[in-house]
>>> print(open('start_33.cif').read())   # mmCIF, C-alpha atoms
data_model
#
loop_
_atom_site.group_PDB
_atom_site.id
_atom_site.type_symbol
_atom_site.label_atom_id
_atom_site.label_comp_id
_atom_site.auth_asym_id
_atom_site.auth_seq_id
_atom_site.Cartn_x
_atom_site.Cartn_y
_atom_site.Cartn_z
ATOM 1 C CA MET I 1 -5.558 15.172 6.811
ATOM 2 C CA PHE I 2 -8.317 14.684 4.240
ATOM 3 C CA LEU I 3 -10.500 17.719 4.902
ATOM 4 C CA LYS I 4 -10.414 20.862 7.035
ATOM 5 C CA LEU I 5 -13.630 22.819 7.743
ATOM 6 C CA GLU I 6 -14.681 25.337 10.361
ATOM 7 C CA THR I 7 -18.210 25.616 11.766
ATOM 8 C CA GLU I 8 -19.795 27.530 14.631
ATOM 9 C CA GLY I 9 -22.563 26.791 17.083
ATOM 10 C CA SER I 10 -24.367 28.864 19.700
ATOM 11 C CA VAL I 11 -27.149 28.451 22.230
ATOM 12 C CA ASP I 12 -29.593 30.866 23.862
ATOM 13 C CA GLN I 13 -29.668 29.859 27.523
ATOM 14 C CA LYS I 14 -32.776 31.474 29.015
ATOM 15 C CA SER I 15 -32.444 30.391 32.650
ATOM 16 C CA SER I 16 -29.716 29.533 35.105
ATOM 17 C CA ALA I 17 -29.133 25.982 36.235
ATOM 18 C CA ARG I 18 -26.598 23.839 38.033
ATOM 19 C CA ASN I 19 -23.736 23.113 35.587
ATOM 20 C CA GLY I 20 -25.345 25.606 33.251
ATOM 21 C CA ALA I 21 -22.021 26.597 31.686
ATOM 22 C CA ASP I 22 -21.275 22.954 30.804
ATOM 23 C CA ASP I 23 -24.758 22.500 29.372
ATOM 24 C CA ALA I 24 -24.393 25.640 27.262
ATOM 25 C CA LEU I 25 -21.039 24.486 25.912
ATOM 26 C CA ASN I 26 -22.412 21.043 25.051
ATOM 27 C CA ASP I 27 -25.438 22.539 23.308
ATOM 28 C CA ALA I 28 -23.261 24.959 21.341
ATOM 29 C CA PHE I 29 -20.959 22.130 20.325
ATOM 30 C CA SER I 30 -23.953 20.053 19.232
ATOM 31 C CA ALA I 31 -25.111 22.937 17.051
ATOM 32 C CA ALA I 32 -21.634 23.208 15.510
ATOM 33 C CA VAL I 33 -21.679 19.474 14.715
ATOM 34 C CA LYS I 34 -25.053 19.820 13.007
ATOM 35 C CA ASN I 35 -23.636 22.660 10.936
ATOM 36 C CA LEU I 36 -20.696 20.408 10.030
ATOM 37 C CA LEU I 37 -23.070 17.675 8.894
ATOM 38 C CA GLY I 38 -24.717 20.219 6.656
ATOM 39 C CA GLN I 39 -21.471 20.922 4.809
ATOM 40 C CA LYS I 40 -21.544 19.217 1.392
ATOM 41 C CA GLN I 41 -17.788 18.483 1.403
ATOM 42 C CA PHE I 42 -18.029 16.706 4.748
ATOM 43 C CA HIS I 43 -21.166 14.819 3.720
ATOM 44 C CA ASP I 44 -19.594 13.606 0.467
ATOM 45 C CA LEU I 45 -16.482 12.402 2.285
ATOM 46 C CA ILE I 46 -18.397 10.464 4.944
ATOM 47 C CA VAL I 47 -20.961 8.786 2.710
ATOM 48 C CA SER I 48 -18.416 7.703 0.089
ATOM 49 C CA SER I 49 -18.275 4.131 1.412
ATOM 50 C CA GLY I 50 -17.810 1.317 -1.054
ATOM 51 C CA GLU I 51 -15.425 1.742 -3.941
ATOM 52 C CA PRO I 52 -13.502 5.037 -3.863
ATOM 53 C CA GLN I 53 -13.097 7.263 -6.853
ATOM 54 C CA LEU I 54 -10.263 5.577 -8.705
ATOM 55 C CA GLU I 55 -8.147 8.627 -9.392
ATOM 56 C CA GLY I 56 -5.109 6.446 -10.027
ATOM 57 C CA HIS I 57 -6.923 4.284 -12.555
ATOM 58 C CA GLY I 58 -5.468 5.283 -15.894
ATOM 59 C CA ALA I 59 -3.382 8.027 -14.296
ATOM 60 C CA VAL I 60 0.065 8.926 -15.545
ATOM 61 C CA ILE I 61 2.572 7.741 -12.954
ATOM 62 C CA ARG I 62 6.245 8.480 -13.422
ATOM 63 C CA PHE I 63 8.007 5.262 -12.472
ATOM 64 C CA LYS I 64 11.577 4.336 -13.312
ATOM 65 C CA ASP I 65 12.450 1.920 -16.079
ATOM 66 C CA CYS I 66 14.813 -0.927 -15.245
ATOM 67 C CA GLU I 67 18.469 -0.317 -14.506
ATOM 68 C CA THR I 68 21.406 -2.525 -15.460
ATOM 69 C CA ASN I 69 24.220 -0.742 -13.630
ATOM 70 C CA GLY I 70 25.369 -1.812 -10.176
ATOM 71 C CA THR I 71 24.386 -4.763 -8.033
ATOM 72 C CA VAL I 72 21.419 -5.266 -5.768
ATOM 73 C CA VAL I 73 23.793 -5.556 -2.787
ATOM 74 C CA ASP I 74 25.238 -2.105 -3.446
ATOM 75 C CA LYS I 75 21.753 -0.616 -3.851
ATOM 76 C CA MET I 76 20.141 -2.484 -0.949
ATOM 77 C CA PRO I 77 20.009 0.429 1.546
ATOM 78 C CA ASP I 78 18.012 2.541 -0.930
ATOM 79 C CA ILE I 79 15.891 -0.445 -1.953
ATOM 80 C CA GLN I 80 14.910 -1.187 1.649
ATOM 81 C CA THR I 81 13.956 2.474 2.131
ATOM 82 C CA ALA I 82 11.383 2.072 -0.662
ATOM 83 C CA VAL I 83 9.749 -1.009 0.928
ATOM 84 C CA VAL I 84 7.011 -0.355 3.500
ATOM 85 C CA THR I 85 4.761 -2.132 5.974
ATOM 86 C CA LEU I 86 1.025 -1.601 5.402
ATOM 87 C CA PHE I 87 -1.835 -1.736 7.924
ATOM 88 C CA ALA I 88 -5.508 -1.921 6.940
ATOM 89 C CA GLY I 89 -7.743 -2.745 9.900
ATOM 90 C CA ASP I 90 -6.636 -6.140 11.205
ATOM 91 C CA MET I 91 -4.640 -6.858 8.048
ATOM 92 C CA MET I 92 -0.917 -6.301 7.691
ATOM 93 C CA GLY I 93 1.369 -6.753 4.709
ATOM 94 C CA SER I 94 4.095 -5.167 2.650
ATOM 95 C CA GLY I 95 4.280 -2.775 -0.266
ATOM 96 C CA PHE I 96 6.773 -0.660 -2.153
ATOM 97 C CA VAL I 97 7.095 2.796 -3.647
ATOM 98 C CA ILE I 98 6.758 2.827 -7.416
ATOM 99 C CA SER I 99 7.089 6.580 -8.035
ATOM 100 C CA GLN I 100 8.632 9.625 -6.376
ATOM 101 C CA ASP I 101 5.250 11.351 -6.258
ATOM 102 C CA GLY I 102 3.901 8.981 -3.635
ATOM 103 C CA TYR I 103 2.375 5.956 -5.377
ATOM 104 C CA LEU I 104 2.837 2.471 -3.910
ATOM 105 C CA LEU I 105 1.908 -1.045 -5.002
ATOM 106 C CA SER I 106 0.682 -3.922 -2.851
ATOM 107 C CA ASN I 107 -1.832 -6.796 -2.921
ATOM 108 C CA GLN I 108 -5.561 -6.236 -2.879
ATOM 109 C CA HIS I 109 -5.913 -8.837 -0.132
ATOM 110 C CA VAL I 110 -3.625 -6.718 2.066
ATOM 111 C CA VAL I 111 -5.748 -3.561 1.779
ATOM 112 C CA GLY I 112 -9.059 -5.433 1.539
ATOM 113 C CA ASP I 113 -11.984 -3.058 1.032
ATOM 114 C CA ALA I 114 -10.353 -0.245 3.007
ATOM 115 C CA ARG I 115 -10.234 3.177 1.434
ATOM 116 C CA TYR I 116 -7.442 4.393 3.726
ATOM 117 C CA VAL I 117 -4.418 2.487 5.026
ATOM 118 C CA ARG I 118 -1.499 3.210 7.318
ATOM 119 C CA ILE I 119 1.972 3.181 5.760
ATOM 120 C CA LYS I 120 5.098 2.629 7.863
ATOM 121 C CA PHE I 121 8.455 3.407 6.249
ATOM 122 C CA ALA I 122 11.845 1.909 7.130
ATOM 123 C CA THR I 123 12.665 5.108 9.043
ATOM 124 C CA GLY I 124 9.747 4.457 11.398
ATOM 125 C CA VAL I 125 7.718 7.345 9.969
ATOM 126 C CA GLU I 126 4.008 6.504 9.563
ATOM 127 C CA VAL I 127 1.613 8.261 7.176
ATOM 128 C CA ASN I 128 -1.870 7.692 5.823
ATOM 129 C CA GLY I 129 -2.439 6.469 2.280
ATOM 130 C CA GLU I 130 -5.511 6.210 0.081
ATOM 131 C CA VAL I 131 -6.301 3.149 -2.034
ATOM 132 C CA VAL I 132 -6.979 4.755 -5.407
ATOM 133 C CA SER I 133 -7.261 1.595 -7.503
ATOM 134 C CA ARG I 134 -7.570 -2.126 -6.876
ATOM 135 C CA GLU I 135 -8.074 -5.254 -8.957
ATOM 136 C CA ARG I 136 -9.342 -8.228 -6.981
ATOM 137 C CA GLU I 137 -8.904 -10.983 -9.544
ATOM 138 C CA ARG I 138 -5.240 -10.160 -10.127
ATOM 139 C CA ASP I 139 -4.881 -9.234 -6.408
ATOM 140 C CA VAL I 140 -3.103 -5.893 -6.822
ATOM 141 C CA ALA I 141 -3.732 -2.410 -5.419
ATOM 142 C CA LEU I 142 -2.419 1.090 -6.035
ATOM 143 C CA ILE I 143 -2.024 3.392 -3.031
ATOM 144 C CA LYS I 144 -1.324 7.124 -2.920
ATOM 145 C CA CYS I 145 0.228 8.955 0.002
ATOM 146 C CA GLY I 146 0.964 12.652 0.333
ATOM 147 C CA GLU I 147 4.726 12.227 0.628
ATOM 148 C CA GLN I 148 6.868 13.587 -2.214
ATOM 149 C CA GLY I 149 10.429 12.874 -3.317
ATOM 150 C CA LEU I 150 10.332 9.281 -2.073
ATOM 151 C CA LYS I 151 12.897 6.646 -2.928
ATOM 152 C CA CYS I 152 11.255 4.454 -5.552
ATOM 153 C CA LEU I 153 12.164 1.139 -7.137
ATOM 154 C CA PRO I 154 12.869 0.794 -10.874
ATOM 155 C CA VAL I 155 10.587 -1.575 -12.745
ATOM 156 C CA ARG I 156 11.555 -4.350 -15.171
ATOM 157 C CA ARG I 157 8.475 -5.293 -17.165
ATOM 158 C CA VAL I 158 10.194 -8.186 -18.984
ATOM 159 C CA LEU I 159 9.888 -11.519 -17.182
ATOM 160 C CA PRO I 160 13.014 -12.925 -15.531
ATOM 161 C CA THR I 161 14.399 -16.224 -16.790
ATOM 162 C CA THR I 162 14.276 -19.598 -15.063
ATOM 163 C CA GLY I 163 17.296 -19.955 -12.781
ATOM 164 C CA GLU I 164 17.810 -16.189 -12.471
ATOM 165 C CA GLU I 165 18.785 -14.915 -9.025
ATOM 166 C CA VAL I 166 16.085 -12.872 -7.277
ATOM 167 C CA TYR I 167 15.476 -11.245 -3.890
ATOM 168 C CA ALA I 168 12.308 -10.733 -1.837
ATOM 169 C CA ILE I 169 11.911 -7.915 0.707
ATOM 170 C CA GLY I 170 9.139 -7.394 3.249
ATOM 171 C CA THR I 171 7.846 -7.764 6.786
ATOM 172 C CA PRO I 172 7.487 -11.474 7.724
ATOM 173 C CA GLY I 173 4.180 -11.196 9.568
ATOM 174 C CA PRO I 174 2.000 -9.688 12.314
ATOM 175 C CA GLY I 175 3.887 -8.982 15.517
ATOM 176 C CA GLN I 176 7.177 -8.970 13.602
ATOM 177 C CA GLN I 177 7.388 -5.311 12.644
ATOM 178 C CA ASN I 178 10.861 -5.224 14.160
ATOM 179 C CA LEU I 179 11.852 -7.550 11.287
ATOM 180 C CA SER I 180 10.579 -5.216 8.545
ATOM 181 C CA GLN I 181 12.568 -4.919 5.301
ATOM 182 C CA THR I 182 13.872 -8.484 5.729
ATOM 183 C CA VAL I 183 15.783 -9.635 2.625
ATOM 184 C CA THR I 184 15.800 -13.227 1.319
ATOM 185 C CA ARG I 185 17.424 -14.656 -1.800
ATOM 186 C CA GLY I 186 16.581 -17.441 -4.226
ATOM 187 C CA ILE I 187 16.098 -18.207 -7.894
ATOM 188 C CA VAL I 188 13.242 -18.185 -10.351
ATOM 189 C CA SER I 189 12.016 -21.785 -10.273
ATOM 190 C CA GLY I 190 9.507 -21.556 -13.106
ATOM 191 C CA PHE I 191 6.310 -19.974 -14.375
ATOM 192 C CA ARG I 192 2.892 -21.316 -13.420
ATOM 193 C CA SER I 193 -0.739 -20.736 -14.281
ATOM 194 C CA LEU I 194 -3.062 -21.066 -11.271
ATOM 195 C CA ASP I 195 -6.802 -20.478 -11.576
ATOM 196 C CA GLY I 196 -6.255 -18.763 -14.898
ATOM 197 C CA GLN I 197 -3.600 -16.341 -13.604
ATOM 198 C CA ASP I 198 0.128 -16.375 -14.404
ATOM 199 C CA TYR I 199 2.736 -16.377 -11.640
ATOM 200 C CA ILE I 200 6.485 -16.390 -11.181
ATOM 201 C CA GLN I 201 7.487 -19.341 -8.989
ATOM 202 C CA SER I 202 10.549 -18.943 -6.775
ATOM 203 C CA ASP I 203 12.225 -20.674 -3.858
ATOM 204 C CA THR I 204 12.935 -17.245 -2.310
ATOM 205 C CA ALA I 205 11.730 -17.479 1.304
ATOM 206 C CA ILE I 206 8.555 -15.497 2.012
ATOM 207 C CA ASN I 207 5.987 -15.416 4.804
ATOM 208 C CA PRO I 208 2.397 -14.118 5.023
ATOM 209 C CA GLY I 209 3.533 -10.576 5.849
ATOM 210 C CA ASN I 210 5.585 -10.450 2.645
ATOM 211 C CA SER I 211 2.350 -10.156 0.655
ATOM 212 C CA GLY I 212 2.586 -7.109 -1.586
ATOM 213 C CA GLY I 213 6.346 -6.784 -1.203
ATOM 214 C CA PRO I 214 8.695 -6.709 -4.206
ATOM 215 C CA LEU I 215 10.590 -9.494 -5.953
ATOM 216 C CA ILE I 216 13.812 -7.922 -7.249
ATOM 217 C CA ASP I 217 16.442 -8.949 -9.793
ATOM 218 C CA LYS I 218 20.228 -8.771 -9.355
ATOM 219 C CA HIS I 219 20.289 -5.118 -10.439
ATOM 220 C CA GLY I 220 17.568 -4.008 -8.027
ATOM 221 C CA ASN I 221 14.662 -3.908 -10.480
ATOM 222 C CA VAL I 222 11.182 -5.052 -9.446
ATOM 223 C CA VAL I 223 10.034 -8.070 -11.455
ATOM 224 C CA GLY I 224 7.099 -9.162 -9.291
ATOM 225 C CA LEU I 225 4.971 -8.844 -6.141
ATOM 226 C CA ALA I 226 4.833 -11.516 -3.437
ATOM 227 C CA VAL I 227 1.345 -12.978 -3.195
ATOM 228 C CA GLN I 228 1.261 -16.588 -2.009
ATOM 229 C CA LYS I 229 3.323 -19.219 -0.199
ATOM 230 C CA ARG I 230 2.589 -22.942 -0.253
ATOM 231 C CA PHE I 231 2.887 -24.331 3.286
ATOM 232 C CA ASP I 232 2.677 -27.983 2.236
ATOM 233 C CA ALA I 233 6.142 -27.878 0.649
ATOM 234 C CA GLU I 234 9.420 -26.002 1.046
ATOM 235 C CA GLY I 235 10.543 -23.340 -1.408
ATOM 236 C CA LEU I 236 7.207 -22.805 -3.173
ATOM 237 C CA GLY I 237 6.432 -19.103 -3.385
ATOM 238 C CA PHE I 238 4.418 -17.320 -6.059
ATOM 239 C CA PHE I 239 4.763 -13.770 -7.318
ATOM 240 C CA ILE I 240 2.620 -11.616 -9.613
ATOM 241 C CA PRO I 241 4.627 -10.361 -12.618
ATOM 242 C CA ILE I 242 5.048 -6.592 -12.280
ATOM 243 C CA ASP I 243 3.890 -6.035 -15.858
ATOM 244 C CA ASP I 244 0.557 -7.693 -15.006
ATOM 245 C CA ALA I 245 0.099 -5.339 -12.041
ATOM 246 C CA ILE I 246 0.838 -2.247 -14.147
ATOM 247 C CA ARG I 247 -1.432 -3.413 -16.945
ATOM 248 C CA VAL I 248 -4.529 -4.376 -14.915
ATOM 249 C CA LEU I 249 -4.310 -1.206 -12.803
ATOM 250 C CA ASP I 250 -4.140 0.741 -16.080
ATOM 251 C CA ILE I 251 -1.040 2.633 -14.983
ATOM 252 C CA LYS I 252 0.327 4.761 -17.786
#
>>> encode(input="start_33.cif", output="structure tokens")
Amino acid sequence: MFLKLETEGSVDQKSSARNGADDALNDAFSAAVKNLLGQKQFHDLIVSSGEPQLEGHGAVIRFKDCETNGTVVDKMPDIQTAVVTLFAGDMMGSGFVISQDGYLLSNQHVVGDARYVRIKFATGVEVNGEVVSRERERDVALIKCGEQGLKCLPVRRVLPTTGEEVYAIGTPGPGQQNLSQTVTRGIVSGFRSLDGQDYIQSDTAINPGNSGGPLIDKHGNVVGLAVQKRFDAEGLGFFIPIDDAIRVLDIK
């Protein structure tokens, strides 16, 4: 729920008529709607198309620093709980919780120009989220939902090394929501610069629906976001370094 207002409407019905009660109710409702349109809060919400107010831009977000205790296999149930499926119009992708106070990261191309998205958790619970910041060139977006106390993933801002074992988690694609939180494993194959942007290359299997999902190291720390798969060759996936996402979104 984004806004709750109450308005009233009335009508002075001067003569009787067939279905007069229905007509009176419709006229009164129409008057109430006009009164709603006159409310500044409602007006400001409706006409705020285009870029939303970027409340998350430069905001202080309490995310976890990287952890070195335990293995990703031991932590996997909690990790999967923090990975979500996102819906924005006809688009679908993945994302993950970066802080307990309800912030999530994904790709900009997943959320598109939408201000609001639908978030589906591993439990099946669905909630609304608001895109509070996005950066098209780096293809990252910050989303805020009203849920509190969420499981969140720790972040490792230092790049992994070539040959390091990594895991990708996400929903493979449209129509495959029953396969959400799918886990695949691979290694860091290298580091590439494409169109002026830096990427982590990995042979970890990903599909279009993985976009926005996390790339995780052997301790369960996020090192990147899935963004692109090459279909003309096997084992060519590209991931945005998590430090780039945090920096361009101006997350403090």
>>> residues_around(input="start_33.cif", residues="Ser189 of chain I", least_positions_apart="5", cutoff="6 Å", atoms="all atoms listed in the file", output="list in words")
Thr162, Gln201 and Ser202 of chain I
>>> residues_around(input="start_33.cif", residues="Val83 of chain I", least_positions_apart="2", cutoff="7 Å", atoms="all atoms listed in the file", output="compact mmCIF listing (two decimals) with C-alpha atoms, in the frame of the given file")
# COMPACT_ATOMS: atom_id res chain seq x y z
CA ILE I 79 15.89 -0.44 -1.95
CA GLN I 80 14.91 -1.19 1.65
CA THR I 81 13.96 2.47 2.13
CA GLY I 95 4.28 -2.78 -0.27
CA PHE I 96 6.77 -0.66 -2.15
CA VAL I 97 7.10 2.80 -3.65
CA GLY I 170 9.14 -7.39 3.25
CA GLN I 181 12.57 -4.92 5.30
>>> residues_around(input="start_33.cif", residues="Gly190 of chain I", least_positions_apart="5", cutoff="12 Å", atoms="all atoms listed in the file", output="VMD selection string")
chain I and resid 159 to 164 198 to 203 235 to 239
>>> write_last_selection(input="start_33.cif", atoms="C-alpha atoms", output="compact mmCIF listing (two decimals), in the frame of the given file")
# COMPACT_ATOMS: atom_id res chain seq x y z
CA LEU I 159 9.89 -11.52 -17.18
CA PRO I 160 13.01 -12.92 -15.53
CA THR I 161 14.40 -16.22 -16.79
CA THR I 162 14.28 -19.60 -15.06
CA GLY I 163 17.30 -19.95 -12.78
CA GLU I 164 17.81 -16.19 -12.47
CA ASP I 198 0.13 -16.38 -14.40
CA TYR I 199 2.74 -16.38 -11.64
CA ILE I 200 6.48 -16.39 -11.18
CA GLN I 201 7.49 -19.34 -8.99
CA SER I 202 10.55 -18.94 -6.78
CA ASP I 203 12.22 -20.67 -3.86
CA GLY I 235 10.54 -23.34 -1.41
CA LEU I 236 7.21 -22.80 -3.17
CA GLY I 237 6.43 -19.10 -3.38
CA PHE I 238 4.42 -17.32 -6.06
CA PHE I 239 4.76 -13.77 -7.32
>>> residues_near_point(input="start_33.cif", point="(-20.1, 24.8, 18.8)", cutoff="12 Å", atoms="all atoms listed in the file", output="CSV table (one decimal) with C-alpha atoms, in the frame of the given file")
chain,number,residue,atom,x,y,z
I,6,GLU,CA,-14.7,25.3,10.4
I,7,THR,CA,-18.2,25.6,11.8
I,8,GLU,CA,-19.8,27.5,14.6
I,9,GLY,CA,-22.6,26.8,17.1
I,10,SER,CA,-24.4,28.9,19.7
I,11,VAL,CA,-27.1,28.5,22.2
I,23,ASP,CA,-24.8,22.5,29.4
I,24,ALA,CA,-24.4,25.6,27.3
I,25,LEU,CA,-21.0,24.5,25.9
I,26,ASN,CA,-22.4,21.0,25.1
I,27,ASP,CA,-25.4,22.5,23.3
I,28,ALA,CA,-23.3,25.0,21.3
I,29,PHE,CA,-21.0,22.1,20.3
I,30,SER,CA,-24.0,20.1,19.2
I,31,ALA,CA,-25.1,22.9,17.1
I,32,ALA,CA,-21.6,23.2,15.5
I,33,VAL,CA,-21.7,19.5,14.7
I,34,LYS,CA,-25.1,19.8,13.0
I,35,ASN,CA,-23.6,22.7,10.9
I,36,LEU,CA,-20.7,20.4,10.0
>>> closest_residue(input="start_33.cif", among="I:Leu249, I:Val60, I:Ala17, I:Val73", to="Arg185 of chain I", atoms="all atoms listed in the file")
I:Val73
>>> atom_distance(input="start_33.cif", atom1="atom CA of Val84 of chain I", atom2="atom CA of Leu104 of chain I")
9.0 Å
>>> atom_distance(input="start_33.cif", atom1="atom CA of Ile61 of chain I", atom2="atom CA of Tyr103 of chain I")
7.8 Å
>>> resolve_selection(input="start_33.cif", expression="the PyMOL selection byres ((chain I and resi 86) around 7)", output="CSV table (one decimal) with C-alpha atoms, in the coordinates of the input")
chain,number,residue,atom,x,y,z
I,84,VAL,CA,7.0,-0.4,3.5
I,85,THR,CA,4.8,-2.1,6.0
I,87,PHE,CA,-1.8,-1.7,7.9
I,88,ALA,CA,-5.5,-1.9,6.9
I,92,MET,CA,-0.9,-6.3,7.7
I,93,GLY,CA,1.4,-6.8,4.7
I,94,SER,CA,4.1,-5.2,2.6
I,95,GLY,CA,4.3,-2.8,-0.3
I,117,VAL,CA,-4.4,2.5,5.0
I,118,ARG,CA,-1.5,3.2,7.3
I,119,ILE,CA,2.0,3.2,5.8
I,120,LYS,CA,5.1,2.6,7.9
>>> residues_around(input="start_33.cif", residues="Glu67 of chain I", least_positions_apart="3", cutoff="8 Å", atoms="all atoms listed in the file", output="list in words")
Pro154, His219, Gly220 and Asn221 of chain I
>>> atom_distance(input="start_33.cif", atom1="atom CA of Arg230 of chain I", atom2="atom CA of Glu137 of chain I")
19.0 Å
>>> axis_aligned_box(input="start_33.cif", around="segment 81-99 of chain I", padding_each_side="8 Å", output="AutoDock Vina command-line options")
--center_x 3.1 --center_y -0.1 --center_z 1.6 --size_x 37.7 --size_y 29.4 --size_z 35.2
>>> decode(input="start_33.cif", residues="segment 127-138 of chain I", atoms="N, CA and C atoms", output="short mmCIF file (atom, residue, chain, number, x, y, z; two decimals), in the first residue's frame")
data_model
loop_
_atom_site.label_atom_id
_atom_site.label_comp_id
_atom_site.auth_asym_id
_atom_site.auth_seq_id
_atom_site.Cartn_x
_atom_site.Cartn_y
_atom_site.Cartn_z
N VAL I 127 5.51 -9.56 -2.51
CA VAL I 127 5.30 -8.19 -2.01
C VAL I 127 5.66 -7.21 -3.12
N ASN I 128 5.22 -5.98 -2.96
CA ASN I 128 5.59 -4.92 -3.88
C ASN I 128 6.92 -4.30 -3.45
N GLY I 129 7.67 -3.81 -4.42
CA GLY I 129 8.90 -3.09 -4.15
C GLY I 129 8.97 -1.85 -5.02
N GLU I 130 9.70 -0.86 -4.56
CA GLU I 130 9.86 0.39 -5.31
C GLU I 130 11.31 0.52 -5.78
N VAL I 131 11.49 0.82 -7.05
CA VAL I 131 12.83 1.07 -7.59
C VAL I 131 13.24 2.47 -7.15
N VAL I 132 14.20 2.54 -6.25
CA VAL I 132 14.59 3.84 -5.68
C VAL I 132 15.84 4.41 -6.33
N SER I 133 16.57 3.58 -7.08
CA SER I 133 17.74 4.07 -7.79
C SER I 133 18.08 3.10 -8.90
N ARG I 134 18.54 3.64 -10.02
CA ARG I 134 18.94 2.78 -11.14
C ARG I 134 20.05 3.47 -11.92
N GLU I 135 20.90 2.66 -12.53
CA GLU I 135 22.00 3.19 -13.34
C GLU I 135 22.06 2.36 -14.62
N ARG I 136 21.61 2.98 -15.72
CA ARG I 136 21.44 2.23 -16.96
C ARG I 136 22.75 1.76 -17.56
N GLU I 137 23.75 2.61 -17.57
CA GLU I 137 25.01 2.26 -18.23
C GLU I 137 25.67 1.05 -17.57
N ARG I 138 25.64 1.02 -16.24
CA ARG I 138 26.23 -0.10 -15.52
C ARG I 138 25.22 -1.23 -15.31
#
